[in-house]
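As structure tokens, the structure follows; a few thoughts come after it.
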Amino acid sequence: MKTISFDLDALRTFVLGIELGSFALAAERLHRSTSAASAQLKKLEQQCDVALVRKVGRHLQPTDAGEVLLAYARRLLALNDEAAQAIGGAQLPGRIRFGMQEDFSEALLPSVLASFTRAHPQVQLSANVARNAVLLDGIRSDELDLALCWAAGESSAYSEVLAQLPLRWVGPAETELQRSLLTGEPLKLVMFEKPCLMRQWATEALDRAGIPWQVVFASQGLGGVWQAVQAGLGVTVRTDFGLPSSLSVISDGSLPPLGEIGIRLDRSRAELGEVEQRLYGILREQIQRYLGTTALGTTAETGSI
């Protein structure tokens with residue numbers, strides 16, 4: 001079997017081209033010509049001796065072989081970027097205080113902390129998992145440097161929306177238990193204690209649709225919400241981010257649509273220091289990987305969830 005040494009620049013173009021659905025857009029993002037990006041794709045296909053992409057309408061999608069390479073390419077690029085950061089940041093001293101919403105903590109926090117501390121062992125990192133109001137207070141009082149929040153209601157003076165996610169009605173994964181909650185009687189809701197914008201949006205949407213409702217369980221933490229929904233006490237509203245496998249999205253059209261909510265990064269000052277910039281880069285990469293998209297915006301917005 002011949003030995004293949006993949007070109008990391010070609011892999012980066014391949015990954016970005018698939019995520020954007022266009023190698024022309026990937027070339028523009030990477031400040032290369034379209035012909036150079038096409039040549040890199042052709043080189044990869046010659047190395048693999050198989051087609052890696054196919055055209056579906058106006059967009060490109062990976063073939064079966066392309067999907068396999070895509071998964072490995074992301075891992076190779078992540079390791080490469082981590083090594084580069086480690087070389088440049090191994091002796092970088094300092095301290096950073098970081099916070100994030102509960103919804104993100106299980107899916108993101110372990111990988112973010114592991115990647116950052118491996119690359120920057122000299123930096124003291126402290127993390128706080130809390131609701132939006134607490135995180136924003138920490139940013140405004142300069143007790144936190146960065147905070148990953150839901151983009152709704154109030155924001156800090158310096159904020160950036162990284163992605164948009166649809167809001168979902170969520171119920172127990174067990175079908176019969178889910179059906180028992182949608183009987184035409186007042187809809188049983190499991191929500192955060194007030195103030196909570198997702199709770200407000202859910203009840204307003206139900207009122208507009210003429211669906212009676214009743215909050216039967218209120219929790220101060222997300223874990224309590226998940227457990228109550230799993231037990232069949234009622235339904236709740238969250239995004240797909242960090243949704244437990246024991247729960248499922250209610251998508252049969254029986255409940256009104258809820259719109260979208262953004263993921264926002266708040267910072268305590270206009271310019272990030274070198275330490276904060278490095279954490280920001282890791283955080284952005286982890287969000288991209290989790291959501292499978294590079295369509296990150298830069299829109300600043302001006303609550304708590």
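The chains in the structure tokens are called A, B, ... from first to last as shown; in each chain the residues are counted from 1, and the ligands are counted from 1 in the order shown.
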Name all residues at most 12 Å from Ala147 of chain A (count only C-alpha atoms; drop same-chain ones fewer than 6 positions away) and give them as a PDB file with C-alpha atoms, in the first residue's frame.
```
ATOM      1  CA  ILE A  96      -8.316  34.714  31.933  1.00  0.00           C
ATOM      2  CA  ARG A  97     -11.809  34.582  33.450  1.00  0.00           C
ATOM      3  CA  PHE A  98     -14.416  32.985  31.244  1.00  0.00           C
ATOM      4  CA  GLY A  99     -18.135  32.227  31.539  1.00  0.00           C
ATOM      5  CA  MET A 100     -20.729  30.365  29.486  1.00  0.00           C
ATOM      6  CA  GLN A 101     -24.406  29.490  29.478  1.00  0.00           C
ATOM      7  CA  GLU A 102     -25.412  26.096  30.888  1.00  0.00           C
ATOM      8  CA  PHE A 104     -23.123  25.127  26.085  1.00  0.00           C
ATOM      9  CA  SER A 105     -21.206  23.751  29.048  1.00  0.00           C
ATOM     10  CA  SER A 126     -11.163  30.135  35.576  1.00  0.00           C
ATOM     11  CA  ALA A 127     -14.603  29.213  34.220  1.00  0.00           C
ATOM     12  CA  ASN A 128     -18.094  30.063  35.452  1.00  0.00           C
ATOM     13  CA  VAL A 129     -21.240  28.306  34.182  1.00  0.00           C
ATOM     14  CA  ALA A 130     -24.316  30.484  34.763  1.00  0.00           C
ATOM     15  CA  ARG A 131     -27.366  32.138  33.200  1.00  0.00           C
ATOM     16  CA  ASN A 132     -27.176  35.219  30.998  1.00  0.00           C
ATOM     17  CA  ALA A 133     -27.913  37.761  33.735  1.00  0.00           C
ATOM     18  CA  VAL A 134     -25.057  36.510  35.920  1.00  0.00           C
ATOM     19  CA  LEU A 135     -22.649  36.366  33.000  1.00  0.00           C
ATOM     20  CA  LEU A 136     -23.493  39.897  31.844  1.00  0.00           C
ATOM     21  CA  ASP A 137     -23.078  41.221  35.384  1.00  0.00           C
ATOM     22  CA  GLY A 138     -19.640  39.602  35.428  1.00  0.00           C
ATOM     23  CA  ILE A 139     -18.690  41.229  32.126  1.00  0.00           C
ATOM     24  CA  ARG A 140     -19.921  44.690  33.159  1.00  0.00           C
ATOM     25  CA  SER A 155     -25.827  42.735  25.827  1.00  0.00           C
ATOM     26  CA  SER A 156     -22.497  44.152  26.915  1.00  0.00           C
ATOM     27  CA  TYR A 158     -18.684  44.765  23.225  1.00  0.00           C
ATOM     28  CA  SER A 159     -20.438  41.722  21.804  1.00  0.00           C
ATOM     29  CA  GLU A 160     -20.424  39.579  18.684  1.00  0.00           C
ATOM     30  CA  VAL A 161     -23.061  37.120  17.466  1.00  0.00           C
ATOM     31  CA  ILE A 263     -25.028  32.587  20.282  1.00  0.00           C
ATOM     32  CA  ARG A 264     -23.146  35.676  21.405  1.00  0.00           C
ATOM     33  CA  LEU A 265     -19.648  36.279  22.718  1.00  0.00           C
ATOM     34  CA  ASP A 266     -19.461  39.195  25.168  1.00  0.00           C
ATOM     35  CA  ARG A 267     -16.192  40.741  26.290  1.00  0.00           C
ATOM     36  CA  SER A 268     -15.366  43.240  28.990  1.00  0.00           C
ATOM     37  CA  ARG A 269     -13.349  45.575  26.768  1.00  0.00           C
ATOM     38  CA  GLU A 276      -8.161  36.301  25.392  1.00  0.00           C
ATOM     39  CA  LEU A 279      -9.173  31.445  23.947  1.00  0.00           C
ATOM     40  CA  TYR A 280     -11.521  33.183  21.532  1.00  0.00           C
ATOM     41  CA  LEU A 283     -13.928  28.767  21.308  1.00  0.00           C
TER      42      LEU A 283
END
```
List the spatial neighbours of Ala78 of chain A as JSON, numbers by chain - criterion: any atom at most 10 Å away, only C-alpha atoms, same-chain residues fewer than 6 positions off excluded.
{"A": [72, 84, 115, 282, 285, 286, 289]}
Now that the selection is made, can you save its residues with N, CA, C and O atoms as a compact mmCIF listing (two decimals), in the first residue's frame?
```txt
# COMPACT_ATOMS: atom_id res chain seq x y z
N TYR A 72 -11.57 13.07 8.99
CA TYR A 72 -10.15 13.01 9.34
C TYR A 72 -9.47 14.37 9.12
O TYR A 72 -8.59 14.76 9.90
N ALA A 84 0.45 24.55 16.61
CA ALA A 84 0.96 25.89 16.31
C ALA A 84 0.72 26.85 17.47
O ALA A 84 1.60 27.65 17.82
N SER A 115 -8.27 21.96 25.24
CA SER A 115 -7.47 22.53 24.16
C SER A 115 -6.65 23.72 24.65
O SER A 115 -5.46 23.86 24.32
N ILE A 282 -9.98 29.32 20.00
CA ILE A 282 -10.36 27.94 20.33
C ILE A 282 -11.86 27.82 20.46
O ILE A 282 -12.48 26.86 19.96
N GLU A 285 -13.57 27.92 17.06
CA GLU A 285 -13.34 26.65 16.35
C GLU A 285 -14.24 25.55 16.89
O GLU A 285 -14.82 24.77 16.12
N GLN A 286 -14.39 25.48 18.21
CA GLN A 286 -15.21 24.43 18.81
C GLN A 286 -16.69 24.62 18.45
O GLN A 286 -17.41 23.65 18.20
N ARG A 289 -17.13 23.54 14.86
CA ARG A 289 -17.10 22.08 14.74
C ARG A 289 -18.40 21.47 15.23
O ARG A 289 -18.94 20.55 14.62
```
According to DSSP computed on the backbone, where in segment 144-242 of chain A is there alpha helix (DSSP H)? Give the residues as a VMD selection string.
chain A and resid 175 to 180 197 to 208 222 to 230
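DSSP on the backbone gives strand (DSSP E or B) for these parts of segment 103-166 of chain A: Val123, Gln124, Leu125, Ser126, Ala127, Asn128, Val129, Leu146, Ala147, Leu148, Cys149, Trp150, Ala151, Tyr158, Ser159, Glu160, Val161, Leu162, Ala163, Gln164, Leu165 and Pro166 of chain A.
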Using only C-alpha atoms, which residues of segment 156-233 of chain A come within 7 Å of segment 250-255 of chain A, and what is the closest atom pair for each, with the distance in Å to one decimal? Give it as a Markdown table, sorted by chain and residue number.
```
| residue | atom | partner | partner_atom | distance |
| --- | --- | --- | --- | --- |
| A:Trp169 | CA | A:Ile250 | CA | 5.5 |
| A:Val170 | CA | A:Ile250 | CA | 5.7 |
| A:Gly171 | CA | A:Ile250 | CA | 6.4 |
```
Residues as selected, N, CA and C atoms, written as a CSV table (one decimal), in the first residue's frame, can you do that?
```
chain,number,residue,atom,x,y,z
A,169,TRP,N,-39.4,23.2,20.5
A,169,TRP,CA,-40.2,22.6,21.5
A,169,TRP,C,-39.6,21.2,21.8
A,170,VAL,N,-39.3,20.9,23.1
A,170,VAL,CA,-38.6,19.7,23.4
A,170,VAL,C,-39.4,18.9,24.4
A,171,GLY,N,-39.6,17.6,24.2
A,171,GLY,CA,-40.3,16.7,25.0
A,171,GLY,C,-39.5,15.4,25.3
```
If we count only C-alpha atoms, what is near Val15 of chain A at a cut-off of 12 Å, once residues fewer than 6 positions away on the same chain are taken out, given as number ranges by chain?
A: 8-9, 21-23, 25-27, 30, 37, 40-41, 44, 52-53, 60-62, 66-78, 288-289, 292-294
Shell around Ala205 of chain A at 8 Å using only C-alpha atoms, local window under 2 positions removed, as a PyMOL selection string:
chain A and resi 201-203+207-209+256-258
Spatial neighbours of Gln277 of chain A, max dist 12 Å, only C-alpha atoms, sep filter under 4 positions, as a ChimeraX atom specification:
/A:85,89,96,116,145-146,267,270-273,281-284
From atom CA of Glu260 of chain A to atom CA of Arg58 of chain A the spacing works out at 26.1 Å
Which of these residues is nearest to Gly210 of chain A, using only C-alpha atoms: A:Pro172, A:Gly262, A:Gly224, A:Pro186?
A:Pro186
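Distances from A:Leu148, A:Leu125, A:Ala36, A:Leu16 to Leu108 of chain A were compared using only C-alpha atoms, and the smallest one belongs to A:Leu148.
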Would you list the contacts of Gln220 of chain A as a PDB file with C-alpha atoms, in the first residue's frame, taking every protein, DNA or RNA residue within 12 Å and counting only C-alpha atoms, but skipping same-chain residues closer than 3 positions in sequence?
```pdb
ATOM      1  CA  GLU A 102     -25.412  26.096  30.888  1.00  0.00           C
ATOM      2  CA  ALA A 130     -24.316  30.484  34.763  1.00  0.00           C
ATOM      3  CA  ARG A 131     -27.366  32.138  33.200  1.00  0.00           C
ATOM      4  CA  VAL A 190     -41.192  22.942  32.266  1.00  0.00           C
ATOM      5  CA  MET A 191     -39.241  26.194  32.353  1.00  0.00           C
ATOM      6  CA  PHE A 192     -36.543  28.217  34.062  1.00  0.00           C
ATOM      7  CA  GLU A 193     -37.678  30.425  36.894  1.00  0.00           C
ATOM      8  CA  LYS A 194     -38.402  34.033  35.915  1.00  0.00           C
ATOM      9  CA  PRO A 195     -36.925  36.113  34.396  1.00  0.00           C
ATOM     10  CA  CYS A 196     -36.410  33.886  31.353  1.00  0.00           C
ATOM     11  CA  PHE A 217     -42.256  22.913  37.016  1.00  0.00           C
ATOM     12  CA  GLY A 223     -30.261  20.018  34.740  1.00  0.00           C
ATOM     13  CA  GLY A 224     -33.552  20.286  36.604  1.00  0.00           C
ATOM     14  CA  VAL A 225     -35.353  21.242  33.379  1.00  0.00           C
ATOM     15  CA  TRP A 226     -33.948  18.239  31.502  1.00  0.00           C
ATOM     16  CA  ILE A 305     -32.205  33.665  29.760  1.00  0.00           C
TER      17      ILE A 305
END
```
